[in-house]
file structure.cif (mmCIF, C-alpha atoms)
data_protein
loop_
_atom_site.label_atom_id
_atom_site.label_comp_id
_atom_site.auth_asym_id
_atom_site.auth_seq_id
_atom_site.Cartn_x
_atom_site.Cartn_y
_atom_site.Cartn_z
CA MET A 1 20.06 -15.85 -4.15
CA ILE A 2 16.74 -14.79 -5.59
CA PRO A 3 17.04 -12.80 -8.82
CA ILE A 4 15.53 -9.32 -8.93
CA ASP A 5 12.87 -10.33 -11.50
CA ARG A 6 10.95 -12.34 -8.93
CA PHE A 7 10.46 -9.32 -6.70
CA LEU A 8 9.51 -7.09 -9.61
CA VAL A 9 6.98 -9.63 -10.92
CA LEU A 10 5.54 -10.04 -7.42
CA SER A 11 5.10 -6.29 -7.02
CA THR A 12 3.52 -6.08 -10.48
CA ILE A 13 1.01 -8.81 -9.63
CA LEU A 14 0.23 -7.12 -6.31
CA PHE A 15 -0.19 -3.73 -7.98
CA SER A 16 -2.53 -5.03 -10.71
CA LEU A 17 -4.66 -6.95 -8.23
CA VAL A 18 -5.27 -3.91 -6.08
CA MET A 19 -5.63 -1.74 -9.19
CA TYR A 20 -8.65 -3.91 -9.94
CA GLY A 21 -9.81 -3.23 -6.38
CA VAL A 22 -9.48 0.54 -6.81
CA LEU A 23 -11.38 0.47 -10.10
CA ALA A 24 -14.16 -1.95 -9.17
CA ARG A 25 -15.05 -1.20 -5.56
CA ARG A 26 -17.78 1.25 -4.55
CA SER A 27 -16.99 1.91 -0.90
CA ALA A 28 -14.39 4.61 -0.27
CA VAL A 29 -12.91 2.64 2.64
CA LEU A 30 -12.30 -0.39 0.41
CA ILE A 31 -10.73 1.82 -2.26
CA LEU A 32 -8.46 3.33 0.39
CA MET A 33 -7.36 -0.16 1.48
CA SER A 34 -6.48 -0.99 -2.11
CA VAL A 35 -4.51 2.26 -2.45
CA GLU A 36 -2.51 1.34 0.65
CA LEU A 37 -1.56 -1.99 -0.93
CA MET A 38 -0.64 -0.17 -4.16
CA LEU A 39 1.86 1.94 -2.20
CA GLN A 40 3.21 -1.28 -0.71
CA ALA A 41 3.80 -2.72 -4.18
CA VAL A 42 5.68 0.44 -5.14
CA SER A 43 7.78 0.18 -1.95
CA ILE A 44 8.76 -3.40 -2.83
CA ASN A 45 9.96 -2.12 -6.21
CA PHE A 46 11.92 0.75 -4.66
CA ILE A 47 13.67 -1.50 -2.14
CA ALA A 48 14.41 -4.19 -4.73
CA PHE A 49 16.10 -1.64 -6.97
CA ALA A 50 17.99 -0.17 -3.99
CA VAL A 51 19.46 -3.44 -2.73
CA TYR A 52 20.19 -4.96 -6.12
CA LEU A 53 21.14 -2.15 -8.46
CA SER A 54 22.37 0.86 -6.50
CA PRO A 55 23.93 -0.40 -3.24
CA GLN A 56 26.16 2.67 -2.91
CA ARG A 57 23.43 5.28 -2.90
CA PHE A 58 20.30 3.22 -2.04
CA THR A 59 17.99 6.12 -2.80
CA GLY A 60 15.17 3.60 -3.20
CA MET A 61 15.40 2.66 0.47
CA ILE A 62 15.09 6.28 1.57
CA PHE A 63 12.19 6.73 -0.81
CA ALA A 64 10.40 3.71 0.64
CA ILE A 65 10.67 5.36 4.08
CA PHE A 66 9.09 8.51 2.69
CA VAL A 67 6.38 6.48 0.96
CA ILE A 68 5.44 4.89 4.29
CA THR A 69 5.42 8.31 6.01
CA ILE A 70 3.22 9.92 3.39
CA ALA A 71 0.94 6.87 3.30
CA ALA A 72 0.36 7.22 7.04
CA ALA A 73 -0.56 10.89 6.60
CA GLU A 74 -2.74 10.01 3.63
CA VAL A 75 -4.73 7.29 5.37
CA GLY A 76 -5.49 9.53 8.35
CA LEU A 77 -6.63 12.41 6.20
CA ALA A 78 -8.60 10.21 3.80
CA LEU A 79 -10.48 8.53 6.62
CA ALA A 80 -11.36 11.94 8.07
CA ILE A 81 -12.73 12.97 4.67
CA ILE A 82 -14.71 9.71 4.41
CA LEU A 83 -16.18 10.30 7.88
CA ARG A 84 -17.19 13.84 6.90
CA MET A 85 -18.76 12.55 3.69
CA TYR A 86 -20.65 9.91 5.62
CA ARG A 87 -21.99 12.55 8.02
CA ASN A 88 -23.06 14.91 5.26
CA ARG A 89 -24.50 12.41 2.79
CA ALA A 90 -25.09 9.24 4.89
CA THR A 91 -23.05 7.16 2.46
CA ALA A 92 -19.43 6.19 2.02
CA ASN A 93 -19.81 5.06 -1.59
CA VAL A 94 -17.86 7.03 -4.14
CA ASP A 95 -20.47 6.62 -6.89
CA GLU A 96 -23.11 8.32 -4.72
CA ALA A 97 -20.94 11.39 -4.09
CA ASP A 98 -21.86 12.89 -7.44
CA THR A 99 -22.83 16.49 -6.59
CA MET A 100 -20.22 17.88 -8.94
CA LYS A 101 -21.24 15.56 -11.76
CA TRP A 102 -23.05 17.49 -14.45
CA MET B 103 15.20 -24.94 -5.23
CA THR B 104 17.08 -23.38 -2.34
CA TYR B 105 15.46 -22.75 1.02
CA GLU B 106 15.51 -19.02 0.25
CA GLU B 107 13.36 -19.55 -2.81
CA VAL B 108 10.96 -21.75 -0.88
CA ILE B 109 10.51 -19.02 1.74
CA PHE B 110 10.15 -16.38 -0.97
CA TYR B 111 7.42 -18.30 -2.79
CA ALA B 112 5.58 -19.00 0.45
CA VAL B 113 5.59 -15.32 1.49
CA ALA B 114 4.77 -14.17 -2.05
CA THR B 115 1.80 -16.55 -2.19
CA LEU B 116 0.61 -15.18 1.14
CA THR B 117 0.93 -11.61 -0.14
CA VAL B 118 -1.00 -12.29 -3.33
CA ALA B 119 -3.63 -14.31 -1.46
CA GLY B 120 -4.11 -11.48 1.01
CA ALA B 121 -4.42 -8.90 -1.74
CA LEU B 122 -6.87 -11.13 -3.60
CA GLY B 123 -8.91 -11.45 -0.42
CA VAL B 124 -8.96 -7.66 -0.04
CA VAL B 125 -10.26 -7.05 -3.55
CA VAL B 126 -12.75 -9.92 -3.99
CA SER B 127 -14.17 -10.44 -0.48
CA ARG B 128 -17.90 -9.69 -0.23
CA ASN B 129 -17.65 -8.80 3.44
CA VAL B 130 -15.77 -5.55 4.13
CA VAL B 131 -14.57 -6.64 7.57
CA HIS B 132 -13.06 -9.74 5.98
CA SER B 133 -11.38 -7.40 3.49
CA ALA B 134 -9.78 -5.49 6.36
CA LEU B 135 -8.55 -8.71 7.96
CA PHE B 136 -7.10 -9.87 4.62
CA LEU B 137 -5.40 -6.47 4.43
CA ILE B 138 -3.57 -7.23 7.69
CA VAL B 139 -2.39 -10.56 6.22
CA ALA B 140 -1.17 -8.87 3.03
CA LEU B 141 0.64 -6.07 4.87
CA LEU B 142 2.43 -8.46 7.24
CA ALA B 143 3.41 -10.64 4.27
CA VAL B 144 4.86 -7.55 2.58
CA ALA B 145 6.92 -7.05 5.76
CA GLY B 146 8.21 -10.60 5.17
CA ILE B 147 9.17 -9.61 1.61
CA PHE B 148 11.09 -6.65 3.05
CA VAL B 149 13.01 -9.05 5.32
CA LEU B 150 13.86 -11.19 2.28
CA LEU B 151 15.19 -8.03 0.63
CA ALA B 152 17.46 -7.51 3.68
CA ALA B 153 15.57 -4.33 4.62
CA GLU B 154 14.94 -5.16 8.27
CA PHE B 155 14.40 -1.54 9.26
CA LEU B 156 11.55 -1.15 6.81
CA ALA B 157 10.09 -4.49 7.87
CA ILE B 158 9.95 -3.28 11.47
CA VAL B 159 8.44 0.05 10.44
CA GLN B 160 5.95 -1.83 8.27
CA VAL B 161 4.76 -4.03 11.14
CA LEU B 162 4.52 -1.04 13.50
CA ILE B 163 2.77 1.44 11.21
CA TYR B 164 0.74 -0.79 8.90
CA GLY B 165 0.20 -3.87 11.03
CA GLY B 166 -0.75 -1.69 13.97
CA ALA B 167 -1.88 1.83 13.26
CA VAL B 168 -3.28 1.81 9.73
CA THR B 169 -5.41 -1.33 10.03
CA ILE B 170 -6.87 -0.19 13.35
CA LEU B 171 -7.67 3.19 11.79
CA ILE B 172 -9.39 1.51 8.83
CA LEU B 173 -11.43 -0.77 11.12
CA PHE B 174 -12.46 2.31 13.12
CA ALA B 175 -13.56 4.10 9.96
CA MET B 176 -15.59 1.05 8.96
CA MET B 177 -17.28 1.02 12.33
CA LEU B 178 -18.07 4.75 12.19
CA THR B 179 -19.36 4.71 8.59
CA ARG B 180 -21.28 1.46 9.11
CA VAL B 181 -20.02 0.01 5.84
CA ARG B 182 -21.20 -3.36 7.12
CA ASP B 183 -24.88 -2.42 6.96
CA LEU B 184 -24.74 -1.68 3.26
CA PRO B 185 -26.33 -4.08 0.79
CA THR B 186 -23.97 -6.68 -0.61
CA ALA B 187 -23.32 -4.86 -3.91
CA VAL B 188 -19.81 -3.78 -2.99
CA ASP B 189 -18.61 -3.68 -6.60
CA GLY B 190 -19.70 -1.08 -9.12
CA PRO B 191 -21.08 -1.81 -12.60
CA GLN B 192 -17.67 -1.00 -14.08
CA LYS B 193 -16.29 -4.35 -12.84
CA PRO B 194 -15.61 -5.96 -16.29
CA VAL B 195 -13.72 -2.86 -17.43
CA ALA B 196 -11.68 -2.98 -14.21
CA VAL B 197 -10.78 -6.63 -14.82
CA LEU B 198 -9.73 -5.78 -18.37
CA ALA B 199 -7.65 -2.76 -17.36
CA ALA B 200 -5.89 -4.50 -14.46
CA GLY B 201 -5.25 -7.63 -16.54
CA ALA B 202 -3.83 -5.64 -19.43
CA PHE B 203 -1.59 -3.70 -17.05
CA MET B 204 -0.37 -6.89 -15.39
CA VAL B 205 0.50 -8.64 -18.67
CA THR B 206 2.23 -5.58 -20.15
CA SER B 207 4.28 -4.90 -17.02
CA ILE B 208 5.36 -8.52 -16.49
CA VAL B 209 6.46 -8.77 -20.12
CA ALA B 210 8.35 -5.48 -19.74
CA VAL B 211 10.04 -6.61 -16.49
CA LEU B 212 11.09 -9.99 -17.88
CA SER B 213 12.40 -8.61 -21.17
CA THR B 214 14.53 -5.84 -19.63
CA GLU B 215 18.26 -6.27 -19.06
CA TRP B 216 18.94 -4.68 -15.67
CA PRO B 217 22.36 -3.08 -15.20
CA GLY B 218 24.64 -4.34 -12.45
CA GLN B 219 24.32 -7.52 -10.44
CA THR B 220 20.75 -8.71 -10.51
CA ASP B 221 21.11 -11.82 -8.38
CA LYS B 222 22.93 -10.61 -5.31
CA ILE B 223 21.45 -8.62 -2.43
CA ASN B 224 23.66 -5.91 -0.95
CA VAL B 225 22.84 -5.58 2.71
CA ILE B 226 22.32 -1.95 3.69
CA SER B 227 23.05 -1.39 7.37
CA PHE B 228 20.93 0.62 9.81
CA ASN B 229 23.87 3.00 10.29
CA ASP B 230 24.08 3.81 6.58
CA ILE B 231 20.34 4.46 6.36
CA GLY B 232 20.43 6.80 9.34
CA GLU B 233 23.45 8.67 8.08
CA VAL B 234 22.12 9.21 4.57
CA LEU B 235 18.61 10.03 5.82
CA TYR B 236 19.81 12.76 8.21
CA ARG B 237 22.61 14.13 6.02
CA ASN B 238 21.65 13.97 2.35
CA TRP B 239 17.90 13.82 2.86
CA ALA B 240 17.52 16.14 5.85
CA MET B 241 15.34 18.67 4.04
CA PRO B 242 12.81 16.15 2.65
CA PHE B 243 12.79 14.54 6.09
CA GLU B 244 11.79 17.85 7.71
CA ILE B 245 9.17 18.47 5.04
CA ALA B 246 7.76 14.98 5.67
CA SER B 247 7.32 15.79 9.34
CA LEU B 248 5.58 19.02 8.36
CA VAL B 249 3.26 17.01 6.08
CA LEU B 250 2.47 14.64 8.95
CA MET B 251 1.63 17.55 11.26
CA VAL B 252 -0.60 19.27 8.71
CA ALA B 253 -2.36 15.97 7.97
CA LEU B 254 -2.90 15.41 11.69
CA ILE B 255 -4.42 18.86 12.24
CA GLY B 256 -6.48 18.57 9.08
CA ALA B 257 -7.83 15.17 10.06
CA ILE B 258 -8.85 16.46 13.49
CA ILE B 259 -10.60 19.51 12.02
CA LEU B 260 -12.38 17.45 9.36
CA ALA B 261 -13.52 14.66 11.64
CA ARG B 262 -14.47 16.79 14.65
CA GLY B 263 -17.63 18.21 13.14
CA GLU B 264 -19.32 21.56 13.60
CA GLU B 265 -20.52 23.05 16.84
CA GLY B 266 -23.79 21.60 18.10
CA GLU B 267 -23.62 18.63 15.77
#

call {"tool": "encode", "arguments": {"input": "structure.cif", "output": "structure tokens"}}
result
Amino acid sequence: MIPIDRFLVLSTILFSLVMYGVLARRSAVLILMSVELMLQAVSINFIAFAVYLSPQRFTGMIFAIFVITIAAAEVGLALAIILRMYRNRATANVDEADTMKW
Amino acid sequence: MTYEEVIFYAVATLTVAGALGVVVSRNVVHSALFLIVALLAVAGIFVLLAAEFLAIVQVLIYGGAVTILILFAMMLTRVRDLPTAVDGPQKPVAVLAAGAFMVTSIVAVLSTEWPGQTDKINVISFNDIGEVLYRNWAMPFEIASLVLMVALIGAIILARGEEGE
């Protein structure tokens, strides 16, 4: 069997890679894609802990289901906001949406 | 190395390669296609964790709906027409922050003694998931459906635009 560390290290690597994506990218759509993968990394962690460490209660599994649900709601809403921003400002880059920057 | 480990490393490599493609690709459409690869590989990881239900949900929701939605948003916002500078000037700081996070977390994971059995997967059956989800987690489940409905209505209102637009 594969020890739990492998899964945790994998999810850490995945999370840091897409954390770089969130921090470095300019386009809001690309940032959103990275955020989706971040949630995936967290789900891997939740499920790994559920199946290895708490098989009686497996709260992590239930939480992963909720993470996927909320991620679906989030991506729909975020894309609607990006569309609105594109219509109002003709750009989808987060560094050009700086009206509130003083 | 057992066959399980071989499969794990293959799927893990695919996941990391897909994620790398998403964050470094110069072409945003290629990024979206790499995203599909990464998400399907994560479904493979779920199968290796004996979470078949989540793997199926993953393929349905992420492999299907989310990637299509993202490709649609790209088409509507014409991200493709933008000049090639897809990364901001804060790139070196981002590399530093993500690298520091990765090193710290991996050291923390490897140096922690986890309680219980850390090398044996306990298979959780579909029946157990359904029972616990609808009994112990019924209230959060209902709230999640409310969240989905509000997000749906909000997305329609936001994306529809004003009259005469």

call {"tool": "atom_distance", "arguments": {"input": "structure.cif", "atom1": "atom CA of A:Phe46", "atom2": "atom CA of B:Ala253"}}
result
24.4 Å

call {"tool": "atom_distance", "arguments": {"input": "structure.cif", "atom1": "atom CA of B:Ser207", "atom2": "atom CA of B:Ala114"}}
result
17.6 Å

call {"tool": "residues_around", "arguments": {"input": "structure.cif", "residues": "A:Met33", "least_positions_apart": "4", "cutoff": "8 Å", "atoms": "only C-alpha atoms", "output": "PyMOL selection string"}}
result
(chain A and resi 29+37) or (chain B and resi 124+134+137+172)

call {"tool": "atom_distance", "arguments": {"input": "structure.cif", "atom1": "atom CA of B:Ala240", "atom2": "atom CA of B:Tyr164"}}
result
24.0 Å

call {"tool": "interface_residues", "arguments": {"input": "structure.cif", "of": "chain B", "to": "chain A", "cutoff": "7 Å", "atoms": "only C-alpha atoms", "output": "number ranges by chain"}}
result
B: 107, 114, 118, 121-122, 125, 151, 175, 179, 188-190, 192-193, 196-197, 200-201, 203-204, 207-208, 211-212, 217-225, 235, 250, 253, 256-257, 260-261

call {"tool": "resolve_selection", "arguments": {"input": "structure.cif", "expression": "the PyMOL selection byres ((chain B and resi 142) around 9)", "output": "number ranges by chain"}}
result
B: 117, 137-141, 143-147, 157, 160-161, 164-165

call {"tool": "decode", "arguments": {"input": "structure.cif", "residues": "stretch 127-152 of chain B", "atoms": "C-alpha atoms", "output": "short mmCIF file (atom, residue, chain, number, x, y, z; two decimals), in the first residue's frame"}}
result
data_model
loop_
_atom_site.label_atom_id
_atom_site.label_comp_id
_atom_site.auth_asym_id
_atom_site.auth_seq_id
_atom_site.Cartn_x
_atom_site.Cartn_y
_atom_site.Cartn_z
CA SER B 127 1.80 28.06 -20.58
CA ARG B 128 1.99 31.25 -22.66
CA ASN B 129 -1.20 30.44 -24.53
CA VAL B 130 -4.35 30.63 -22.38
CA VAL B 131 -6.25 28.04 -24.42
CA HIS B 132 -3.37 25.61 -23.86
CA SER B 133 -3.67 26.43 -20.15
CA ALA B 134 -7.33 25.40 -20.22
CA LEU B 135 -6.50 22.14 -21.98
CA PHE B 136 -3.76 21.41 -19.43
CA LEU B 137 -6.36 22.10 -16.76
CA ILE B 138 -8.51 19.27 -18.13
CA VAL B 139 -5.48 16.93 -17.96
CA ALA B 140 -4.74 17.94 -14.37
CA LEU B 141 -8.36 17.59 -13.23
CA LEU B 142 -8.76 14.13 -14.79
CA ALA B 143 -5.45 13.06 -13.23
CA VAL B 144 -6.76 14.23 -9.84
CA ALA B 145 -9.77 11.96 -10.47
CA GLY B 146 -7.22 9.14 -10.90
CA ILE B 147 -5.69 10.07 -7.54
CA PHE B 148 -9.16 9.84 -5.99
CA VAL B 149 -9.52 6.32 -7.42
CA LEU B 150 -6.16 5.39 -5.87
CA LEU B 151 -7.51 6.67 -2.55
CA ALA B 152 -10.50 4.30 -2.96
#
